[in-house]
file query-v2.txt (compact mmCIF, C-alpha atoms)
# COMPACT_ATOMS: atom_id res chain seq x y z
CA MET A 7 28.07 9.59 30.37
CA GLN A 8 25.68 9.34 27.43
CA LEU A 9 22.76 11.77 27.25
CA TYR A 10 19.78 11.57 24.91
CA ALA A 11 17.41 14.32 23.74
CA MET A 12 14.85 15.29 21.12
CA LEU A 13 15.33 18.43 19.06
CA VAL A 14 12.05 20.36 18.69
CA LYS A 15 11.25 22.99 16.09
CA LYS A 16 9.09 25.66 17.72
CA VAL A 17 7.40 26.59 14.43
CA TYR A 18 7.65 24.09 11.58
CA ASN A 19 6.32 25.44 8.27
CA ILE A 20 5.37 23.07 5.46
CA ASN A 21 5.48 24.91 2.14
CA LYS A 22 3.17 24.25 -0.78
CA SER A 23 4.48 21.78 -3.33
CA ASP A 24 4.11 24.18 -6.29
CA GLY A 25 7.46 25.86 -5.64
CA SER A 26 5.86 29.20 -4.73
CA GLY A 27 7.34 29.20 -1.23
CA ASP A 28 3.90 29.83 0.27
CA VAL A 29 3.12 28.05 3.54
CA LEU A 30 0.61 25.19 3.30
CA ARG A 31 0.37 24.48 7.04
CA THR A 32 2.22 25.22 10.26
CA ILE A 33 3.01 22.77 13.06
CA VAL A 34 4.16 24.09 16.44
CA ASN A 35 6.62 22.27 18.71
CA ALA A 36 7.29 19.60 16.07
CA LEU A 37 9.63 16.76 17.00
CA LYS A 38 12.52 17.05 14.59
CA GLN A 39 15.57 14.91 15.43
CA PRO A 40 16.78 12.55 18.17
CA MET A 41 20.20 13.50 19.52
CA ALA A 42 22.89 11.88 21.66
CA THR A 43 26.06 13.24 23.26
CA SER A 44 28.74 12.32 25.74
CA LYS A 45 30.18 15.83 25.72
CA TYR A 46 28.14 17.17 28.63
CA ASP A 47 28.02 15.91 32.22
CA ASP A 48 24.57 17.30 32.87
CA PHE A 49 21.45 17.53 30.66
CA ASN A 50 20.67 21.11 31.75
CA GLU A 51 24.15 22.15 30.61
CA TRP A 52 23.49 20.58 27.21
CA LYS A 53 20.04 22.17 27.02
CA GLY A 54 21.43 25.60 27.80
CA ALA A 55 23.97 25.26 25.01
CA GLN A 56 21.42 23.90 22.51
CA ASP A 57 18.24 25.96 23.02
CA ASN A 58 17.75 28.99 20.79
CA ALA A 59 14.95 31.20 19.50
CA ASP A 60 13.78 28.61 16.99
CA GLU A 61 14.48 25.24 18.66
CA TYR A 62 14.89 23.52 22.01
CA ILE A 63 15.59 20.03 23.34
CA PHE A 64 14.01 17.80 25.98
CA GLU A 65 15.54 14.71 27.53
CA LEU A 66 14.88 11.17 26.27
CA THR A 67 15.60 7.74 27.66
CA GLN A 68 17.86 5.53 25.58
CA GLN A 69 14.84 3.42 24.60
CA GLU A 70 12.92 6.48 23.42
CA TYR A 71 15.97 7.64 21.50
CA ASP A 72 16.27 4.24 19.80
CA ASN A 73 12.58 4.26 18.88
CA TYR A 74 12.76 7.69 17.25
CA LEU A 75 15.80 6.68 15.20
CA ILE A 76 13.39 4.76 12.97
CA PRO A 77 12.28 7.44 10.44
CA ALA A 78 8.73 6.08 10.18
CA ASN A 79 8.31 6.68 13.92
CA LEU A 80 9.18 10.36 13.56
CA TRP A 81 8.23 11.51 10.06
CA LEU A 82 5.26 10.82 7.81
CA ASP A 83 6.43 9.20 4.53
CA ALA A 84 9.99 9.54 5.79
CA ASP A 85 11.39 7.15 3.19
CA ARG A 86 10.18 9.52 0.47
CA GLY A 87 11.79 12.54 2.13
CA GLN A 88 8.58 14.46 2.57
CA GLY A 89 9.43 15.93 5.97
CA ILE A 90 5.98 15.95 7.58
CA PRO A 91 6.24 15.70 11.39
CA LEU A 92 4.22 13.06 13.22
CA TRP A 93 4.55 14.32 16.80
CA GLN A 94 4.40 17.48 18.89
CA HIS A 95 5.70 18.33 22.35
CA ASN A 96 3.59 19.86 25.08
CA THR A 97 5.99 21.92 27.19
CA SER A 98 3.49 22.48 30.02
CA LEU A 99 2.77 18.76 30.50
CA SER A 100 6.14 17.43 29.29
CA GLU A 101 4.26 15.02 26.99
CA VAL A 102 4.48 13.87 23.39
CA GLY A 103 1.31 13.77 21.31
CA SER A 104 -0.57 16.18 19.07
CA TYR A 105 -2.83 19.22 19.22
CA GLU A 106 -6.30 19.16 17.67
CA ASP A 107 -5.10 22.10 15.59
CA PRO A 108 -1.37 21.42 15.06
CA SER A 109 -0.78 25.13 14.50
CA ASP A 110 -2.27 26.15 17.86
CA ASP A 111 -0.75 25.02 21.16
CA GLY A 112 -3.88 26.31 22.90
CA SER A 113 -6.14 23.74 21.22
CA THR A 114 -7.13 20.38 22.70
CA TRP A 115 -4.15 18.16 23.50
CA PHE A 116 -4.04 14.42 22.74
CA VAL A 117 -1.24 12.61 24.56
CA ASN A 118 0.46 9.75 22.67
CA GLU A 119 -1.64 10.42 19.55
CA SER A 120 0.26 11.37 16.39
CA ILE A 121 -0.70 14.17 14.01
CA PRO A 122 -3.29 12.73 11.58
CA ASP A 123 -2.54 12.56 7.86
CA THR A 124 -4.96 15.09 6.36
CA ARG A 125 -3.59 15.07 2.81
CA PHE A 126 -5.77 14.25 -0.16
CA ARG A 127 -5.39 10.67 -1.36
CA LEU A 128 -4.45 10.01 -4.96
CA THR A 129 -4.91 6.86 -7.02
CA ILE A 130 -3.52 6.54 -10.56
CA ARG A 131 -4.76 3.97 -13.07
CA HIS A 132 -3.86 3.11 -16.66
CA ASP A 133 -6.56 2.83 -19.32
CA ALA A 134 -6.44 -0.96 -19.05
CA THR A 135 -7.85 -0.68 -15.52
CA LEU A 136 -10.38 2.11 -16.02
CA ALA A 137 -13.49 -0.05 -15.71
CA ALA A 138 -15.69 0.95 -12.75
CA PRO A 139 -13.17 1.14 -9.89
CA ASN A 140 -14.49 1.72 -6.42
CA ALA A 141 -13.07 2.43 -2.98
CA GLY A 142 -12.19 -1.26 -2.62
CA SER A 143 -10.19 -1.42 -5.85
CA PRO A 144 -6.51 -2.27 -5.42
CA PHE A 145 -4.13 0.67 -5.23
CA LEU A 146 -1.33 -0.15 -7.64
CA ASP A 147 2.42 0.19 -7.04
CA VAL A 148 3.30 -0.16 -10.72
CA ILE A 149 1.40 0.72 -13.89
CA LYS A 150 2.75 -1.45 -16.71
CA VAL A 151 2.28 -0.38 -20.30
CA ASP A 152 3.14 -3.73 -21.86
CA GLN A 153 2.70 -2.69 -25.50
CA PHE A 154 2.76 0.88 -26.74
CA THR A 155 1.48 1.28 -30.30
CA LYS A 156 2.14 4.14 -32.67
CA THR A 157 0.61 4.60 -36.10
CA VAL A 158 3.05 5.93 -38.72
CA GLY A 159 2.44 9.65 -39.08
CA GLY A 160 0.21 9.63 -36.01
CA GLU A 161 0.53 11.17 -32.61
CA ASP A 162 3.38 9.83 -30.48
CA ASN A 163 3.82 9.47 -26.72
CA LEU A 164 0.11 9.18 -26.02
CA ILE A 165 -0.65 7.42 -22.76
CA LYS A 166 -3.99 7.80 -21.01
CA LEU A 167 -4.06 7.71 -17.22
CA ARG A 168 -6.76 8.48 -14.72
CA PHE A 169 -6.14 10.25 -11.44
CA GLU A 170 -8.69 9.72 -8.68
CA VAL A 171 -8.56 12.21 -5.82
CA ARG A 172 -10.14 11.35 -2.47
CA ASN A 173 -10.39 13.14 0.83
CA LYS A 174 -8.60 11.88 3.94
CA ASN A 175 -11.47 9.46 4.62
CA GLY A 176 -11.22 7.84 1.17
CA ASN A 177 -14.29 9.46 -0.39
CA LEU A 178 -14.02 10.58 -4.02
CA LEU A 179 -14.08 14.35 -4.41
CA GLY A 180 -16.84 15.95 -6.42
CA SER A 181 -14.53 17.67 -8.92
CA GLY A 182 -14.18 16.24 -12.42
CA VAL A 183 -16.33 13.18 -13.09
CA ASP A 184 -16.97 11.78 -9.61
CA GLY A 185 -13.51 12.88 -8.54
CA ARG A 186 -11.72 11.25 -11.51
CA TYR A 187 -9.34 13.19 -13.70
CA GLU A 188 -8.17 11.88 -17.05
CA PHE A 189 -4.59 12.72 -17.99
CA TYR A 190 -2.97 12.61 -21.42
CA ASN A 191 0.74 12.90 -22.11
CA ALA A 192 1.47 13.53 -25.78
CA GLY A 193 5.16 14.34 -25.99
CA THR A 194 5.09 17.64 -24.10
CA PRO A 195 5.12 18.41 -20.37
CA THR A 196 1.56 18.10 -19.12
CA ALA A 197 0.03 19.16 -15.82
CA ILE A 198 -3.21 18.14 -14.18
CA ASN A 199 -4.97 20.36 -11.68
CA LEU A 200 -5.49 18.22 -8.58
CA ALA A 201 -7.81 19.41 -5.83
CA SER A 202 -4.81 20.02 -3.57
CA GLY A 203 -2.18 21.27 -5.99
CA ILE A 204 -0.50 20.67 -9.33
CA GLY A 205 0.69 17.18 -10.28
CA GLU A 206 3.15 16.87 -13.16
CA LEU A 207 3.96 13.66 -15.00
CA PHE A 208 6.44 13.09 -17.83
CA ILE A 209 6.45 9.74 -19.63
CA SER A 210 8.91 8.79 -22.36
CA THR A 211 7.94 5.94 -24.67
CA GLU A 212 10.92 6.34 -26.97
CA LYS A 213 12.71 3.29 -25.60
CA ALA A 214 11.66 0.11 -23.94
CA HIS A 215 11.95 -0.18 -20.17
CA GLY A 216 11.45 3.52 -19.61
CA LYS A 217 10.16 4.35 -16.14
CA LYS A 218 8.80 7.41 -14.37
CA SER A 219 7.70 7.62 -10.75
CA PHE A 220 4.86 9.63 -9.32
CA ASN A 221 5.40 10.25 -5.59
CA SER A 222 3.61 11.68 -2.58
CA ASN A 223 4.09 15.30 -1.62
CA HIS A 224 2.98 17.68 1.13
CA GLN A 225 -0.52 18.16 -0.30
CA TYR A 226 -1.57 14.68 -1.34
CA ARG A 227 -0.41 11.12 -0.88
CA VAL A 228 -0.29 8.33 -3.41
CA ASP A 229 -2.82 5.93 -1.99
CA ASN A 230 -0.80 2.76 -1.56
CA ALA A 231 1.63 1.49 1.03
CA LYS A 232 4.64 2.41 -1.13
CA ARG A 233 3.42 6.03 -1.48
CA SER A 234 4.75 5.94 -5.03
CA ILE A 235 3.62 4.60 -8.39
CA ASP A 236 6.11 3.58 -11.07
CA ILE A 237 4.88 3.85 -14.66
CA MET A 238 6.84 1.51 -16.91
CA VAL A 239 6.88 1.10 -20.69
CA PHE A 240 8.14 -2.32 -21.73
CA SER A 241 7.95 -2.29 -25.54
CA LYS A 242 6.93 -0.25 -28.55
CA GLN A 243 5.31 -1.25 -31.81
CA ILE A 244 4.95 0.82 -34.98
CA ASN A 245 2.02 0.01 -37.26
CA ASP A 246 2.44 0.37 -40.99
call {"tool": "encode", "arguments": {"input": "query-v2.txt", "output": "structure tokens"}}
result
Amino acid sequence: MQLYAMLVKKVYNINKSDGSGDVLRTIVNALKQPMATSKYDDFNEWKGAQDNADEYIFELTQQEYDNYLIPANLWLDADRGQGIPLWQHNTSLSEVGSYEDPSDDGSTWFVNESIPDTRFRLTIRHDATLAAPNAGSPFLDVIKVDQFTKTVGGEDNLIKLRFEVRNKNGNLLGSGVDGRYEFYNAGTPTAINLASGIGELFISTEKAHGKKSFNSNHQYRVDNAKRSIDIMVFSKQIND
């Protein structure tokens, strides 16, 4: 006999992305992992063996189990390993959905509605695309630096990027110049203070075809379908 269940984390803490270990947000009764077993004859027997102070399981149909096996149906940005739950379990109603305040199981319950993505939205542009972008501008997957030029004796590794930080609704934040932050990397590790945390970017232009990725994290999301921007340097020219 095959049994199916969902493992639920009673309190799921999402830590800040700055490495401090501080909690950014808490989600209660977060769906964590679909499970299957043929070891037990009865679901209640399995539940009794599985439940503990931090986690519990509830029974699934095979179809529900199959649906949750797809990471995107269980985790936000699952392919990037961000670990942000999409769903919560209401133990009183035996329903899947989300609470208005995901940290409070006493707040309004929405059945079959996933936890909304409340992260800040980040767009990155190279200087070649800096001219008057707006909310309808394309959100790039790749920033291509086709020709990097260095003057002999001049500053090396200088690439100018602009970070645009928006709220969850897509509106530019008021920080910086209309929510736009200019970023320079000149051969040393450089950090930019985003509205929702610290974003670090390291770009090497010492050899052609160098690439660095800038990914989503728990506090913001890269505002394209890929949730990641690759920055690629294709060639380098030295001026006399």
call {"tool": "atom_distance", "arguments": {"input": "query-v2.txt", "atom1": "atom CA of A:Leu99", "atom2": "atom CA of A:Gln69"}}
result
20.4 Å
call {"tool": "residues_near_point", "arguments": {"input": "query-v2.txt", "point": "(5.4, 15.6, 13.9)", "cutoff": "6 Å", "atoms": "only C-alpha atoms", "output": "VMD selection string"}}
result
chain A and resid 36 to 37 91 to 94
call {"tool": "atom_distance", "arguments": {"input": "query-v2.txt", "atom1": "atom CA of A:Arg227", "atom2": "atom CA of A:Thr32"}}
result
18.2 Å
call {"tool": "closest_residue", "arguments": {"input": "query-v2.txt", "among": "A:Asn35, A:Thr97, A:Gln225, A:Ser120", "to": "A:Val171", "atoms": "all atoms listed in the file"}}
result
A:Gln225
call {"tool": "closest_residue", "arguments": {"input": "query-v2.txt", "among": "A:Ile121, A:Ala11, A:Val17, A:Leu66", "to": "A:Met41", "atoms": "all atoms listed in the file"}}
result
A:Ala11
call {"tool": "closest_residue", "arguments": {"input": "query-v2.txt", "among": "A:Arg125, A:Ser100, A:Ala78, A:Gly176", "to": "A:Lys22", "atoms": "only C-alpha atoms"}}
result
A:Arg125
call {"tool": "atom_distance", "arguments": {"input": "query-v2.txt", "atom1": "atom CA of A:Gln39", "atom2": "atom CA of A:Leu128"}}
result
29.0 Å
call {"tool": "closest_residue", "arguments": {"input": "query-v2.txt", "among": "A:Ile33, A:Phe116, A:Phe126, A:Asp83", "to": "A:Ala231", "atoms": "all atoms listed in the file"}}
result
A:Asp83
call {"tool": "closest_residue", "arguments": {"input": "query-v2.txt", "among": "A:Tyr18, A:Tyr74, A:Tyr46, A:Trp115", "to": "A:Asp60", "atoms": "all atoms listed in the file"}}
result
A:Tyr18
call {"tool": "axis_aligned_box", "arguments": {"input": "query-v2.txt", "around": "stretch 113-124 of chain A", "padding_each_side": "4 Å", "output": "lines of an AutoDock Vina configuration file"}}
result
center_x = -3.3
center_y = 16.7
center_z = 15.5
size_x = 15.6
size_y = 22.0
size_z = 26.2
call {"tool": "residues_near_point", "arguments": {"input": "query-v2.txt", "point": "(0.1, 22.8, 22.6)", "cutoff": "9 Å", "atoms": "only C-alpha atoms", "output": "mmCIF file with C-alpha atoms, in the frame of the given file"}}
result
data_model
loop_
_atom_site.group_PDB
_atom_site.id
_atom_site.type_symbol
_atom_site.label_atom_id
_atom_site.label_comp_id
_atom_site.auth_asym_id
_atom_site.auth_seq_id
_atom_site.Cartn_x
_atom_site.Cartn_y
_atom_site.Cartn_z
ATOM 1 C CA VAL A 34 4.160 24.090 16.440
ATOM 2 C CA ASN A 35 6.620 22.270 18.710
ATOM 3 C CA GLN A 94 4.400 17.480 18.890
ATOM 4 C CA HIS A 95 5.700 18.330 22.350
ATOM 5 C CA ASN A 96 3.590 19.860 25.080
ATOM 6 C CA THR A 97 5.990 21.920 27.190
ATOM 7 C CA SER A 98 3.490 22.480 30.020
ATOM 8 C CA SER A 104 -0.570 16.180 19.070
ATOM 9 C CA TYR A 105 -2.830 19.220 19.220
ATOM 10 C CA GLU A 106 -6.300 19.160 17.670
ATOM 11 C CA ASP A 107 -5.100 22.100 15.590
ATOM 12 C CA PRO A 108 -1.370 21.420 15.060
ATOM 13 C CA SER A 109 -0.780 25.130 14.500
ATOM 14 C CA ASP A 110 -2.270 26.150 17.860
ATOM 15 C CA ASP A 111 -0.750 25.020 21.160
ATOM 16 C CA GLY A 112 -3.880 26.310 22.900
ATOM 17 C CA SER A 113 -6.140 23.740 21.220
ATOM 18 C CA THR A 114 -7.130 20.380 22.700
ATOM 19 C CA TRP A 115 -4.150 18.160 23.500
#
call {"tool": "residues_around", "arguments": {"input": "query-v2.txt", "residues": "A:Leu75", "least_positions_apart": "4", "cutoff": "9 Å", "atoms": "all atoms listed in the file", "output": "ChimeraX atom specification"}}
result
/A:39-40,70-71,79-80
